[in-house]
Amino acid sequence: MSTDPANPVVCFRLWCAAVAAVVLMLFALPAEAATTAGPGNDVSWPQCGKALPKGQTFAIVGVNNGLANNTNPCLKTQLTWAGTSRGGTGQPLVALYVNTGNPGKAGSWWPTSNTYGGTPVANPYGECTDGAYDEACSYMYGYAKAYDDANIRGITGPASYMWWLDVETGNSWSTDAGANRADLEGMAAFFAGIGAKTGLYSTGAQWAQIVGEVPSSSNLYRLPSWLAGARTLSGAKRNCSDAPLTGGGEVTLTQYVSGGFDYDHSCI
């Protein structure tokens, strides 16, 4: 067949064939090609005064100073750094994570009613009275800590962020997994109440020890999971296939440590 440019019909057909070949090649690319934008990073109080990563595609900043009742002293600076994220993954450019815990009366404050911030709270576990260390008061404690994170830590526009609940054995917890679950449910309920998204950040082992199995009736059941514990990028990618922390959730993010920095791989 002639390829003479003077023949427009032939040239048009050749052009169409070339376009079709390119389209077929694009559809044949593996799904992983969508996640080759590079990793993100998470930082918090341990990185205060230190050099922060560069070129991150997304960033997650810790709001607290290691405990649920205090503030990361470098929060403002780290949020400014997070705003330089490049994008290119399924994650928001900037997200937040908060420390969690359920210390009971051993903590600096423990609730004695279903009211916080001057507002009565609908508590699915009933009335929190006399500072009892039960599910009702645990729910109120979690709600109160989330309220503080959104209102007194220096976060502007808290409803616009994704809030990850950091659940780890390094913080104080009840020996009653049901009370710990209620505590996290209180946090999730507050964030949902202001229109913010929430996720769960832990390892499978720590989650099993602290919270255990979550029933489908819980507001935690369908929340996304961010899994820690990998040592390499390849390990973090494999962890995308691990079981989520709750039966109705999905692993959307995994973490690995390299060169002294926390890196995060987007599974979506």
# chains A, B, ... in the order shown; residues from 1 in each chain; ligands from 1
>>> residues_around(residues="Arg238 of chain A", least_positions_apart="5", cutoff="12 Å", atoms="only C-alpha atoms", output="list in words")
Glu32, Leu227, Ala228, Gly229, Ala230, Arg231, Thr232, Leu233, Ala243, Val251, Leu253, Thr254, Gln255, Tyr256, His265, Ser266 and Cys267 of chain A
>>> residues_around(residues="Met187 of chain A", least_positions_apart="4", cutoff="10 Å", atoms="only C-alpha atoms", output="VMD selection string")
chain A and resid 100 139 to 147 149 163 165 182 to 183 191 to 193 198 220
>>> select_by_dssp(residues="segment 26-165 of chain A", states="strand (DSSP E)", output="list in words")
Gly40, Asn41, Asp42, Val43, Ala59, Ile60, Val61, Gly62, Val94, Ala95, Leu96, Tyr97, Val98, Asn99, Thr115, Tyr116, Thr119, Pro120, Met162, Trp163, Trp164 and Leu165 of chain A
>>> residues_around(residues="Asn114 of chain A", least_positions_apart="6", cutoff="8 Å", atoms="only C-alpha atoms", output="ChimeraX atom specification")
/A:120-123,127-128,137,140
>>> residues_around(residues="Arg153 of chain A", least_positions_apart="4", cutoff="8 Å", atoms="only C-alpha atoms", output="JSON, numbers by chain")
{"A": [63, 71, 148, 149]}
>>> select_by_dssp(residues="segment 6-252 of chain A", states="helix (DSSP H, G or I)", output="PyMOL selection string")
chain A and resi 8-28+31-35+45-47+75-82+104-106+135-151+158-160+177-193+204-210+233-239
>>> write_last_selection(atoms="C-alpha atoms", output="short mmCIF file (atom, residue, chain, number, x, y, z; two decimals), in the first residue's frame")
data_model
loop_
_atom_site.label_atom_id
_atom_site.label_comp_id
_atom_site.auth_asym_id
_atom_site.auth_seq_id
_atom_site.Cartn_x
_atom_site.Cartn_y
_atom_site.Cartn_z
CA PRO A 8 -4.90 11.89 2.40
CA VAL A 9 -7.08 8.79 2.80
CA VAL A 10 -4.10 6.50 3.25
CA CYS A 11 -2.43 8.95 5.65
CA PHE A 12 -5.61 9.22 7.73
CA ARG A 13 -5.84 5.45 8.01
CA LEU A 14 -2.19 5.21 9.08
CA TRP A 15 -2.72 7.92 11.69
CA CYS A 16 -5.78 6.13 13.10
CA ALA A 17 -3.85 2.86 13.29
CA ALA A 18 -1.02 4.58 15.19
CA VAL A 19 -3.43 6.14 17.68
CA ALA A 20 -5.16 2.80 18.23
CA ALA A 21 -1.81 1.14 18.92
CA VAL A 22 -0.95 3.77 21.54
CA VAL A 23 -4.34 3.36 23.24
CA LEU A 24 -3.88 -0.41 23.40
CA MET A 25 -0.44 0.04 24.96
CA LEU A 26 -1.85 2.36 27.64
CA PHE A 27 -4.59 -0.10 28.55
CA ALA A 28 -2.01 -2.87 28.74
CA ALA A 31 -2.20 -1.24 37.50
CA GLU A 32 0.90 -0.45 39.55
CA ALA A 33 1.85 2.20 36.99
CA ALA A 34 -0.79 4.42 38.60
CA THR A 35 1.17 4.46 41.86
CA TRP A 45 7.49 15.96 67.23
CA PRO A 46 10.58 13.65 66.90
CA GLN A 47 11.52 15.64 63.78
CA LEU A 75 3.05 21.62 64.21
CA LYS A 76 2.91 24.98 62.41
CA THR A 77 6.34 24.58 60.81
CA GLN A 78 5.62 21.02 59.74
CA LEU A 79 2.27 21.97 58.23
CA THR A 80 4.05 24.60 56.15
CA TRP A 81 6.50 21.93 54.96
CA ALA A 82 3.61 19.57 54.20
CA GLY A 104 -8.69 6.21 82.77
CA LYS A 105 -8.18 8.24 85.96
CA ALA A 106 -4.42 7.75 85.66
CA GLU A 135 -17.28 2.13 77.74
CA ALA A 136 -19.46 5.21 78.26
CA CYS A 137 -16.68 7.31 79.80
CA SER A 138 -14.10 5.91 77.39
CA TYR A 139 -16.29 7.08 74.51
CA MET A 140 -16.44 10.56 76.04
CA TYR A 141 -12.68 10.63 76.56
CA GLY A 142 -12.07 9.84 72.89
CA TYR A 143 -14.64 12.40 71.80
CA ALA A 144 -13.01 15.05 74.01
CA LYS A 145 -9.49 14.39 72.72
CA ALA A 146 -10.68 14.66 69.12
CA TYR A 147 -12.50 17.88 70.01
CA ASP A 148 -9.27 19.28 71.45
CA ASP A 149 -7.24 18.16 68.42
CA ALA A 150 -9.59 20.03 66.11
CA ASN A 151 -10.10 23.13 68.25
CA PRO A 158 -10.09 20.92 60.66
CA ALA A 159 -12.98 19.59 58.59
CA SER A 160 -10.86 19.78 55.42
CA ALA A 177 -10.71 -4.03 74.49
CA GLY A 178 -14.36 -2.96 74.35
CA ALA A 179 -13.61 0.21 76.29
CA ASN A 180 -10.68 0.96 73.98
CA ARG A 181 -12.89 0.48 70.95
CA ALA A 182 -15.45 2.86 72.48
CA ASP A 183 -12.70 5.43 73.01
CA LEU A 184 -11.77 5.35 69.30
CA GLU A 185 -15.42 5.37 68.30
CA GLY A 186 -15.81 8.61 70.26
CA MET A 187 -12.94 10.16 68.32
CA ALA A 188 -14.32 8.98 64.98
CA ALA A 189 -17.78 10.29 65.90
CA PHE A 190 -16.45 13.77 66.62
CA PHE A 191 -14.52 13.98 63.35
CA ALA A 192 -17.50 12.67 61.39
CA GLY A 193 -19.63 15.31 63.14
CA GLY A 204 -2.20 -5.74 62.93
CA ALA A 205 -0.54 -7.03 66.12
CA GLN A 206 -0.97 -3.81 68.08
CA TRP A 207 -4.54 -3.38 66.91
CA ALA A 208 -5.41 -6.95 67.93
CA GLN A 209 -3.93 -6.38 71.40
CA ILE A 210 -5.59 -3.02 72.04
CA LEU A 233 9.42 0.10 49.90
CA SER A 234 8.92 -3.38 48.47
CA GLY A 235 7.70 -4.56 51.88
CA ALA A 236 5.32 -1.60 52.10
CA LYS A 237 3.93 -2.44 48.65
CA ARG A 238 3.34 -6.05 49.72
CA ASN A 239 1.54 -4.84 52.85
#
>>> atom_distance(atom1="atom CA of Gly107 of chain A", atom2="atom CA of Pro124 of chain A")
23.0 Å
>>> closest_residue(among="A:Pro224, A:Gly157, A:Gly170, A:Gly49", to="Ile194 of chain A", atoms="only C-alpha atoms")
A:Gly157
>>> closest_residue(among="A:Gly88, A:Gly118, A:Gly199, A:Gly260", to="Asp42 of chain A", atoms="only C-alpha atoms")
A:Gly260
>>> closest_residue(among="A:Ile152, A:Ala68, A:Val211, A:Leu52", to="Tyr263 of chain A", atoms="only C-alpha atoms")
A:Leu52
>>> atom_distance(atom1="atom CA of Val167 of chain A", atom2="atom CA of Ser241 of chain A")
20.2 Å
>>> residues_around(residues="Thr112 of chain A", least_positions_apart="4", cutoff="7 Å", atoms="only C-alpha atoms", output="PyMOL selection string")
chain A and resi 128-131
>>> write_last_selection(atoms="C-alpha atoms", output="PDB file, in the first residue's frame")
ATOM      1  CA  CYS A 128     -20.762   8.604  81.744  1.00  0.00           C
ATOM      2  CA  THR A 129     -21.089   9.124  85.488  1.00  0.00           C
ATOM      3  CA  ASP A 130     -18.704   9.516  88.434  1.00  0.00           C
ATOM      4  CA  GLY A 131     -15.689   9.123  86.173  1.00  0.00           C
TER       5      GLY A 131
END
>>> atom_distance(atom1="atom CA of Ala95 of chain A", atom2="atom CA of Phe261 of chain A")
17.0 Å
>>> closest_residue(among="A:Thr246, A:Ser108, A:Ser44, A:Thr89", to="Gly212 of chain A", atoms="only C-alpha atoms")
A:Thr246
